[in-house]
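**Student:** Just one file: work-v6.pdb, with PDB, C-alpha atoms.
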ATOM      1  CA  MET A   1     -10.516 -25.440   3.589  1.00  0.00           C
ATOM      2  CA  ALA A   2      -9.911 -22.261   5.564  1.00  0.00           C
ATOM      3  CA  PHE A   3      -6.546 -22.407   7.348  1.00  0.00           C
ATOM      4  CA  ALA A   4      -7.704 -20.488  10.410  1.00  0.00           C
ATOM      5  CA  THR A   5     -10.917 -22.419  11.173  1.00  0.00           C
ATOM      6  CA  LEU A   6     -10.303 -25.724   9.342  1.00  0.00           C
ATOM      7  CA  TYR A   7     -13.861 -25.475   8.028  1.00  0.00           C
ATOM      8  CA  LEU A   8     -14.622 -26.035   4.383  1.00  0.00           C
ATOM      9  CA  GLU A   9     -14.796 -22.773   2.473  1.00  0.00           C
ATOM     10  CA  ALA A  10     -16.832 -22.257  -0.700  1.00  0.00           C
ATOM     11  CA  LEU A  11     -15.974 -19.253  -2.850  1.00  0.00           C
ATOM     12  CA  PRO A  12     -17.753 -18.039  -6.003  1.00  0.00           C
ATOM     13  CA  LEU A  13     -15.145 -17.695  -8.753  1.00  0.00           C
ATOM     14  CA  ARG A  14     -16.929 -15.560 -11.314  1.00  0.00           C
ATOM     15  CA  LYS A  15     -13.993 -13.507 -12.498  1.00  0.00           C
ATOM     16  CA  ALA A  16     -10.357 -14.081 -13.346  1.00  0.00           C
ATOM     17  CA  LYS A  17      -9.165 -11.821 -10.516  1.00  0.00           C
ATOM     18  CA  GLU A  18     -11.083 -13.852  -7.910  1.00  0.00           C
ATOM     19  CA  MET A  19      -9.445 -17.061  -9.105  1.00  0.00           C
ATOM     20  CA  PHE A  20      -5.970 -15.534  -9.097  1.00  0.00           C
ATOM     21  CA  LEU A  21      -6.444 -14.207  -5.569  1.00  0.00           C
ATOM     22  CA  LEU A  22      -7.604 -17.615  -4.343  1.00  0.00           C
ATOM     23  CA  PHE A  23      -4.706 -19.506  -5.900  1.00  0.00           C
ATOM     24  CA  SER A  24      -2.163 -16.926  -4.720  1.00  0.00           C
ATOM     25  CA  ARG A  25      -3.349 -17.650  -1.149  1.00  0.00           C
ATOM     26  CA  VAL A  26      -3.588 -21.445  -1.178  1.00  0.00           C
ATOM     27  CA  ARG A  27      -1.713 -22.626  -4.317  1.00  0.00           C
ATOM     28  CA  ILE A  28      -3.285 -24.341  -7.313  1.00  0.00           C
ATOM     29  CA  SER A  29      -5.237 -27.395  -6.267  1.00  0.00           C
ATOM     30  CA  SER A  30      -4.396 -30.795  -7.725  1.00  0.00           C
ATOM     31  CA  GLU A  31      -8.148 -31.380  -8.209  1.00  0.00           C
ATOM     32  CA  ILE A  32     -10.992 -28.948  -8.903  1.00  0.00           C
ATOM     33  CA  LEU A  33     -14.616 -30.043  -8.589  1.00  0.00           C
ATOM     34  CA  THR A  34     -17.404 -28.011 -10.171  1.00  0.00           C
ATOM     35  CA  ASP A  35     -20.987 -28.462 -11.282  1.00  0.00           C
ATOM     36  CA  GLN A  36     -20.361 -26.232 -14.304  1.00  0.00           C
ATOM     37  CA  GLY A  37     -17.753 -27.882 -16.451  1.00  0.00           C
ATOM     38  CA  THR A  38     -17.528 -25.483 -19.372  1.00  0.00           C
ATOM     39  CA  PRO A  39     -15.873 -22.487 -17.635  1.00  0.00           C
ATOM     40  CA  PHE A  40     -13.254 -24.783 -16.127  1.00  0.00           C
ATOM     41  CA  MET A  41     -12.179 -25.968 -19.569  1.00  0.00           C
ATOM     42  CA  SER A  42     -11.498 -22.390 -20.651  1.00  0.00           C
ATOM     43  CA  ARG A  43      -8.232 -20.653 -21.533  1.00  0.00           C
ATOM     44  CA  LEU A  44      -8.503 -18.890 -18.168  1.00  0.00           C
ATOM     45  CA  LEU A  45      -8.074 -22.061 -16.138  1.00  0.00           C
ATOM     46  CA  ALA A  46      -5.333 -23.259 -18.468  1.00  0.00           C
ATOM     47  CA  ASP A  47      -3.406 -20.066 -17.693  1.00  0.00           C
ATOM     48  CA  LEU A  48      -4.074 -20.360 -13.972  1.00  0.00           C
ATOM     49  CA  CYS A  49      -2.896 -23.950 -13.873  1.00  0.00           C
ATOM     50  CA  HIS A  50       0.253 -23.101 -15.800  1.00  0.00           C
ATOM     51  CA  PRO A  51       2.565 -26.061 -15.181  1.00  0.00           C
ATOM     52  CA  HIS A  52       5.757 -25.684 -13.209  1.00  0.00           C
ATOM     53  CA  LYS A  53       8.604 -27.879 -14.349  1.00  0.00           C
ATOM     54  CA  VAL A  54      12.298 -27.933 -13.501  1.00  0.00           C
ATOM     55  CA  ILE A  55      14.883 -30.600 -14.320  1.00  0.00           C
ATOM     56  CA  PHE A  56      17.793 -30.947 -11.897  1.00  0.00           C
ATOM     57  CA  TYR A  57      21.114 -32.508 -12.919  1.00  0.00           C
ATOM     58  CA  GLU A  58      23.873 -33.946 -10.771  1.00  0.00           C
ATOM     59  CA  ASP A  59      26.719 -32.222 -12.606  1.00  0.00           C
ATOM     60  CA  ARG A  60      27.362 -28.923 -14.334  1.00  0.00           C
ATOM     61  CA  ASN A  61      26.263 -28.389 -17.953  1.00  0.00           C
ATOM     62  CA  PHE A  62      23.265 -30.695 -17.517  1.00  0.00           C
ATOM     63  CA  GLN A  63      25.316 -33.856 -17.124  1.00  0.00           C
ATOM     64  CA  GLY A  64      24.844 -36.885 -14.886  1.00  0.00           C
ATOM     65  CA  ARG A  65      21.647 -38.269 -13.447  1.00  0.00           C
ATOM     66  CA  SER A  66      18.580 -36.024 -13.535  1.00  0.00           C
ATOM     67  CA  TYR A  67      15.374 -35.490 -11.595  1.00  0.00           C
ATOM     68  CA  GLU A  68      12.255 -33.903 -13.086  1.00  0.00           C
ATOM     69  CA  CYS A  69      10.253 -31.884 -10.560  1.00  0.00           C
ATOM     70  CA  MET A  70       6.765 -30.427 -11.060  1.00  0.00           C
ATOM     71  CA  SER A  71       5.884 -29.577  -7.459  1.00  0.00           C
ATOM     72  CA  ASP A  72       7.462 -28.572  -4.161  1.00  0.00           C
ATOM     73  CA  CYS A  73      10.372 -30.721  -3.005  1.00  0.00           C
ATOM     74  CA  ALA A  74      11.408 -30.603   0.660  1.00  0.00           C
ATOM     75  CA  ASP A  75      14.537 -32.730   0.312  1.00  0.00           C
ATOM     76  CA  MET A  76      16.440 -33.152  -2.953  1.00  0.00           C
ATOM     77  CA  SER A  77      18.674 -35.854  -1.470  1.00  0.00           C
ATOM     78  CA  SER A  78      15.768 -38.269  -1.867  1.00  0.00           C
ATOM     79  CA  TYR A  79      16.333 -38.081  -5.626  1.00  0.00           C
ATOM     80  CA  LEU A  80      19.899 -36.843  -6.253  1.00  0.00           C
ATOM     81  CA  SER A  81      23.011 -36.966  -4.105  1.00  0.00           C
ATOM     82  CA  ARG A  82      24.101 -33.604  -5.539  1.00  0.00           C
ATOM     83  CA  CYS A  83      22.814 -30.979  -7.975  1.00  0.00           C
ATOM     84  CA  HIS A  84      24.963 -28.511  -9.919  1.00  0.00           C
ATOM     85  CA  SER A  85      22.790 -27.458 -12.878  1.00  0.00           C
ATOM     86  CA  CYS A  86      19.112 -27.216 -13.803  1.00  0.00           C
ATOM     87  CA  LYS A  87      16.667 -26.237 -16.536  1.00  0.00           C
ATOM     88  CA  VAL A  88      13.483 -24.407 -15.568  1.00  0.00           C
ATOM     89  CA  GLU A  89      11.202 -25.292 -18.470  1.00  0.00           C
ATOM     90  CA  SER A  90       8.157 -23.456 -17.142  1.00  0.00           C
ATOM     91  CA  GLY A  91       7.100 -21.526 -14.071  1.00  0.00           C
ATOM     92  CA  CYS A  92       9.165 -19.874 -11.349  1.00  0.00           C
ATOM     93  CA  PHE A  93      10.769 -21.545  -8.353  1.00  0.00           C
ATOM     94  CA  MET A  94      12.348 -20.523  -5.080  1.00  0.00           C
ATOM     95  CA  MET A  95      15.395 -22.652  -4.347  1.00  0.00           C
ATOM     96  CA  TYR A  96      16.946 -23.218  -0.917  1.00  0.00           C
ATOM     97  CA  ASP A  97      20.432 -24.382   0.089  1.00  0.00           C
ATOM     98  CA  ARG A  98      19.066 -26.415   2.997  1.00  0.00           C
ATOM     99  CA  PRO A  99      16.305 -29.066   3.186  1.00  0.00           C
ATOM    100  CA  ASN A 100      12.754 -28.205   4.242  1.00  0.00           C
ATOM    101  CA  TYR A 101      12.838 -24.763   2.592  1.00  0.00           C
ATOM    102  CA  MET A 102      15.448 -23.423   4.981  1.00  0.00           C
ATOM    103  CA  GLY A 103      18.655 -21.462   4.499  1.00  0.00           C
ATOM    104  CA  ASN A 104      19.383 -18.910   1.804  1.00  0.00           C
ATOM    105  CA  GLN A 105      16.805 -18.368  -0.928  1.00  0.00           C
ATOM    106  CA  TYR A 106      17.459 -18.097  -4.669  1.00  0.00           C
ATOM    107  CA  PHE A 107      14.965 -17.152  -7.358  1.00  0.00           C
ATOM    108  CA  PHE A 108      14.905 -19.162 -10.607  1.00  0.00           C
ATOM    109  CA  LYS A 109      12.693 -18.181 -13.526  1.00  0.00           C
ATOM    110  CA  ARG A 110      12.329 -19.924 -16.878  1.00  0.00           C
ATOM    111  CA  GLY A 111      15.746 -20.603 -18.379  1.00  0.00           C
ATOM    112  CA  GLU A 112      18.846 -22.796 -18.323  1.00  0.00           C
ATOM    113  CA  TYR A 113      21.369 -22.711 -15.474  1.00  0.00           C
ATOM    114  CA  ALA A 114      24.456 -24.676 -16.532  1.00  0.00           C
ATOM    115  CA  ASP A 115      26.431 -23.717 -13.397  1.00  0.00           C
ATOM    116  CA  TYR A 116      24.113 -21.921 -10.992  1.00  0.00           C
ATOM    117  CA  THR A 117      26.495 -22.086  -8.020  1.00  0.00           C
ATOM    118  CA  SER A 118      28.918 -19.780  -9.838  1.00  0.00           C
ATOM    119  CA  MET A 119      26.115 -17.640 -11.269  1.00  0.00           C
ATOM    120  CA  PHE A 120      24.561 -16.943  -7.846  1.00  0.00           C
ATOM    121  CA  GLY A 121      27.728 -17.210  -5.765  1.00  0.00           C
ATOM    122  CA  MET A 122      26.266 -20.140  -3.837  1.00  0.00           C
ATOM    123  CA  ASN A 123      28.430 -22.025  -1.357  1.00  0.00           C
ATOM    124  CA  ASP A 124      26.283 -25.142  -1.569  1.00  0.00           C
ATOM    125  CA  CYS A 125      23.929 -26.764  -4.039  1.00  0.00           C
ATOM    126  CA  ILE A 126      20.127 -26.755  -4.024  1.00  0.00           C
ATOM    127  CA  LYS A 127      18.597 -28.894  -1.267  1.00  0.00           C
ATOM    128  CA  SER A 128      14.881 -28.018  -1.583  1.00  0.00           C
ATOM    129  CA  CYS A 129      12.573 -26.011  -3.850  1.00  0.00           C
ATOM    130  CA  ARG A 130       9.115 -24.450  -3.923  1.00  0.00           C
ATOM    131  CA  MET A 131       6.868 -23.476  -6.822  1.00  0.00           C
ATOM    132  CA  ILE A 132       5.801 -19.830  -6.963  1.00  0.00           C
ATOM    133  CA  PRO A 133       2.173 -19.575  -8.123  1.00  0.00           C
ATOM    134  CA  MET A 134       1.570 -17.426 -11.176  1.00  0.00           C
ATOM    135  CA  TYR A 135      -0.219 -14.176 -10.401  1.00  0.00           C
ATOM    136  CA  ARG A 136      -1.825 -11.662 -12.743  1.00  0.00           C
ATOM    137  CA  GLY A 137      -3.308  -8.497 -11.378  1.00  0.00           C
ATOM    138  CA  SER A 138      -2.388  -5.423  -9.397  1.00  0.00           C
ATOM    139  CA  TYR A 139       0.482  -5.448  -6.905  1.00  0.00           C
ATOM    140  CA  ARG A 140       0.268  -3.775  -3.517  1.00  0.00           C
ATOM    141  CA  MET A 141       2.455  -3.876  -0.426  1.00  0.00           C
ATOM    142  CA  LYS A 142       2.970  -1.658   2.615  1.00  0.00           C
ATOM    143  CA  ILE A 143       6.468  -1.415   4.067  1.00  0.00           C
ATOM    144  CA  TYR A 144       7.211  -0.180   7.585  1.00  0.00           C
ATOM    145  CA  GLU A 145      10.319   1.257   9.141  1.00  0.00           C
ATOM    146  CA  ARG A 146       9.969  -0.721  12.373  1.00  0.00           C
ATOM    147  CA  GLU A 147       8.711  -4.031  13.680  1.00  0.00           C
ATOM    148  CA  ASN A 148       4.974  -4.663  14.120  1.00  0.00           C
ATOM    149  CA  PHE A 149       4.070  -2.087  11.476  1.00  0.00           C
ATOM    150  CA  GLY A 150       5.638   0.806  13.352  1.00  0.00           C
ATOM    151  CA  GLY A 151       7.422   3.946  12.172  1.00  0.00           C
ATOM    152  CA  GLN A 152       7.206   5.336   8.675  1.00  0.00           C
ATOM    153  CA  MET A 153       4.882   3.520   6.260  1.00  0.00           C
ATOM    154  CA  TYR A 154       4.812   3.617   2.481  1.00  0.00           C
ATOM    155  CA  GLU A 155       2.524   1.803   0.082  1.00  0.00           C
ATOM    156  CA  MET A 156       4.157   0.297  -2.979  1.00  0.00           C
ATOM    157  CA  MET A 157       2.622  -0.829  -6.253  1.00  0.00           C
ATOM    158  CA  ASP A 158       5.742  -1.220  -8.371  1.00  0.00           C
ATOM    159  CA  ASP A 159       9.430  -2.121  -8.112  1.00  0.00           C
ATOM    160  CA  CYS A 160      11.786  -0.063  -5.968  1.00  0.00           C
ATOM    161  CA  ASP A 161      15.544  -0.367  -6.458  1.00  0.00           C
ATOM    162  CA  ASN A 162      16.437   1.713  -3.387  1.00  0.00           C
ATOM    163  CA  ILE A 163      14.079   2.597  -0.519  1.00  0.00           C
ATOM    164  CA  MET A 164      16.611   5.078   0.834  1.00  0.00           C
ATOM    165  CA  ASP A 165      16.592   7.121  -2.356  1.00  0.00           C
ATOM    166  CA  ARG A 166      12.834   6.938  -2.856  1.00  0.00           C
ATOM    167  CA  TYR A 167      11.458   7.129   0.678  1.00  0.00           C
ATOM    168  CA  ARG A 168      14.443   8.200   2.813  1.00  0.00           C
ATOM    169  CA  MET A 169      14.096   4.940   4.763  1.00  0.00           C
ATOM    170  CA  SER A 170      17.350   3.380   5.940  1.00  0.00           C
ATOM    171  CA  HIS A 171      15.654  -0.031   6.089  1.00  0.00           C
ATOM    172  CA  CYS A 172      12.273  -1.683   6.679  1.00  0.00           C
ATOM    173  CA  GLN A 173      11.562  -4.247   9.386  1.00  0.00           C
ATOM    174  CA  SER A 174       7.970  -5.296   8.695  1.00  0.00           C
ATOM    175  CA  CYS A 175       5.534  -5.348   5.786  1.00  0.00           C
ATOM    176  CA  HIS A 176       2.020  -6.274   4.716  1.00  0.00           C
ATOM    177  CA  VAL A 177       1.709  -7.830   1.252  1.00  0.00           C
ATOM    178  CA  MET A 178      -1.852  -7.312   0.023  1.00  0.00           C
ATOM    179  CA  ASP A 179      -1.549  -8.361  -3.628  1.00  0.00           C
ATOM    180  CA  GLY A 180       0.985 -10.256  -5.679  1.00  0.00           C
ATOM    181  CA  HIS A 181       4.251 -12.034  -4.977  1.00  0.00           C
ATOM    182  CA  TRP A 182       7.410 -10.035  -4.280  1.00  0.00           C
ATOM    183  CA  LEU A 183      11.157 -10.492  -3.936  1.00  0.00           C
ATOM    184  CA  MET A 184      12.948  -8.351  -1.361  1.00  0.00           C
ATOM    185  CA  TYR A 185      16.719  -7.842  -1.286  1.00  0.00           C
ATOM    186  CA  GLU A 186      19.099  -6.836   1.471  1.00  0.00           C
ATOM    187  CA  GLN A 187      20.992  -4.400  -0.791  1.00  0.00           C
ATOM    188  CA  PRO A 188      19.876  -1.684  -3.235  1.00  0.00           C
ATOM    189  CA  HIS A 189      19.454  -2.478  -6.945  1.00  0.00           C
ATOM    190  CA  TYR A 190      18.201  -6.009  -6.263  1.00  0.00           C
ATOM    191  CA  ARG A 191      21.507  -7.360  -4.968  1.00  0.00           C
ATOM    192  CA  GLY A 192      22.535  -9.512  -2.019  1.00  0.00           C
ATOM    193  CA  ARG A 193      20.440 -12.081  -0.230  1.00  0.00           C
ATOM    194  CA  MET A 194      16.754 -12.224  -1.117  1.00  0.00           C
ATOM    195  CA  TRP A 195      13.471 -13.388   0.375  1.00  0.00           C
ATOM    196  CA  TRP A 196      10.182 -14.376  -1.253  1.00  0.00           C
ATOM    197  CA  PHE A 197       7.054 -12.682   0.126  1.00  0.00           C
ATOM    198  CA  ARG A 198       3.577 -13.950  -0.703  1.00  0.00           C
ATOM    199  CA  PRO A 199       0.341 -12.232   0.439  1.00  0.00           C
ATOM    200  CA  GLY A 200       0.257 -11.924   4.220  1.00  0.00           C
ATOM    201  CA  GLU A 201       1.469  -9.959   7.229  1.00  0.00           C
ATOM    202  CA  TYR A 202       5.130 -10.011   8.218  1.00  0.00           C
ATOM    203  CA  ARG A 203       5.489  -8.310  11.584  1.00  0.00           C
ATOM    204  CA  ASN A 204       9.148  -8.957  12.280  1.00  0.00           C
ATOM    205  CA  PHE A 205      12.053  -9.727   9.978  1.00  0.00           C
ATOM    206  CA  SER A 206      14.328 -10.820  12.829  1.00  0.00           C
ATOM    207  CA  ASN A 207      13.440 -14.477  12.195  1.00  0.00           C
ATOM    208  CA  MET A 208      14.765 -14.083   8.638  1.00  0.00           C
ATOM    209  CA  GLY A 209      18.394 -14.107   9.609  1.00  0.00           C
ATOM    210  CA  GLY A 210      18.374 -10.472  10.672  1.00  0.00           C
ATOM    211  CA  MET A 211      18.006  -9.264   7.089  1.00  0.00           C
ATOM    212  CA  ARG A 212      17.227  -5.611   6.425  1.00  0.00           C
ATOM    213  CA  PHE A 213      15.684  -5.124   3.034  1.00  0.00           C
ATOM    214  CA  MET A 214      16.683  -2.207   0.814  1.00  0.00           C
ATOM    215  CA  SER A 215      15.056  -3.028  -2.544  1.00  0.00           C
ATOM    216  CA  MET A 216      12.080  -5.023  -3.755  1.00  0.00           C
ATOM    217  CA  ARG A 217      10.564  -6.133  -7.046  1.00  0.00           C
ATOM    218  CA  ARG A 218       7.420  -7.884  -8.255  1.00  0.00           C
ATOM    219  CA  ILE A 219       7.445 -11.458  -9.587  1.00  0.00           C
ATOM    220  CA  MET A 220       5.865 -10.872 -12.991  1.00  0.00           C
ATOM    221  CA  ASP A 221       3.707 -13.333 -14.941  1.00  0.00           C
ATOM    222  CA  SER A 222       5.895 -12.740 -18.027  1.00  0.00           C
ATOM    223  CA  TRP A 223       8.734 -14.580 -16.243  1.00  0.00           C
ATOM    224  CA  TYR A 224       6.778 -17.845 -16.399  1.00  0.00           C
TER
END
Please lay out the structure from this file as structure tokens.
**Tutor:**
Amino acid sequence: MAFATLYLEALPLRKAKEMFLLFSRVRISSEILTDQGTPFMSRLLADLCHPHKVIFYEDRNFQGRSYECMSDCADMSSYLSRCHSCKVESGCFMMYDRPNYMGNQYFFKRGEYADYTSMFGMNDCIKSCRMIPMYRGSYRMKIYERENFGGQMYEMMDDCDNIMDRYRMSHCQSCHVMDGHWLMYEQPHYRGRMWWFRPGEYRNFSNMGGMRFMSMRRIMDSWY
């Protein structure tokens, strides 16, 4: 279904890139209906529907009660009263220190996090999480010096550890993500608070806690 019109939308998915672009826009569907079964049993769809799985634990070092999550979770308190460690068995997740995907954001890729609050310098534990869809293809984003796509503009296709050094931009205040998923950081060299950007237009960063981004990197499929 198209978000803008609420009408059903049928798209021919003949190539891998078309499928990746669709799923990067609307997430992987829980059910796929087709009149041609064979292509949808292929390795391609298996890769696209790569499972996301994270196990949360009440205490550090994977102790206490646990909760296994394979989708978005808007409120962890429904399952655990606290969470101080986790294992990301597959996929990538964005974690939030407030319910309903609010507050500071933290990126977790596949791996074990025995004490993530110390590792990330978090003041609170995880309260909600979102899956980040896997994407394979080219990456493209335009960054702008000012709000509403004003001022200097530069098109990026790879990571940038310091926009001041590369572009002589003191900061960027809007962007247009055409392809891929990106992480943007408030300090150079991928440090400080971060924000996840999926394909779309972002005209004003003022509603993101007044963050001014100085470095950005691509979320790579190899991290899954």
**Student:** Applying the PyMOL selection byres ((chain A and resi 139) around 9) to the file I just gave you, which residues come out? Please list them as a ChimeraX atom specification.
**Tutor:** /A:136-138,140-141,156-158,177-182,218
**Student:** I'd like to see the residues matched by the PyMOL selection byres ((chain A and resi 148) around 8) on this file, and ideally I'd get them as a PDB file with C-alpha atoms, in the frame of the given file.
**Tutor:**
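Result file out05.pdb:
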ATOM      1  CA  ARG A 146       9.969  -0.721  12.373  1.00  0.00           C
ATOM      2  CA  GLU A 147       8.711  -4.031  13.680  1.00  0.00           C
ATOM      3  CA  PHE A 149       4.070  -2.087  11.476  1.00  0.00           C
ATOM      4  CA  GLY A 150       5.638   0.806  13.352  1.00  0.00           C
ATOM      5  CA  SER A 174       7.970  -5.296   8.695  1.00  0.00           C
ATOM      6  CA  TYR A 202       5.130 -10.011   8.218  1.00  0.00           C
ATOM      7  CA  ARG A 203       5.489  -8.310  11.584  1.00  0.00           C
ATOM      8  CA  ASN A 204       9.148  -8.957  12.280  1.00  0.00           C
TER       9      ASN A 204
END
**Student:** I need every residue sitting at most 7 Å from the point (5.6, 0.6, 6.8) (coordinates as in the file, only C-alpha atoms considered), written as a PyMOL selection string.
**Tutor:** chain A and resi 142-145+149-154+174-175
**Student:** Name all residues at most 10 Å from A:Met164 (count only C-alpha atoms; drop same-chain ones fewer than 5 positions away) and give them as a ChimeraX atom specification.
**Tutor:** /A:169-172,188,214-215
**Student:** Suppose you want the space between atom CA of A:Cys125 and atom CA of A:Ile219; what is it in Å?
**Tutor:**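 Between atom CA of A:Cys125 and atom CA of A:Ile219 the gap is 23.2 Å.
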**Student:** Written as a PDB file with C-alpha atoms, in the frame of the given file, which residues does the PyMOL selection byres ((chain A and resi 100) around 7) give for the file shown?
**Tutor:**
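Here's the written file selection27.pdb:
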ATOM      1  CA  ALA A  74      11.408 -30.603   0.660  1.00  0.00           C
ATOM      2  CA  ASP A  75      14.537 -32.730   0.312  1.00  0.00           C
ATOM      3  CA  ARG A  98      19.066 -26.415   2.997  1.00  0.00           C
ATOM      4  CA  PRO A  99      16.305 -29.066   3.186  1.00  0.00           C
ATOM      5  CA  TYR A 101      12.838 -24.763   2.592  1.00  0.00           C
ATOM      6  CA  MET A 102      15.448 -23.423   4.981  1.00  0.00           C
ATOM      7  CA  SER A 128      14.881 -28.018  -1.583  1.00  0.00           C
TER       8      SER A 128
END
**Student:** Would you compute the distance between atom CA of A:Met211 and atom CA of A:Asp124? Give it in Å to one decimal.
**Tutor:** 19.9 Å
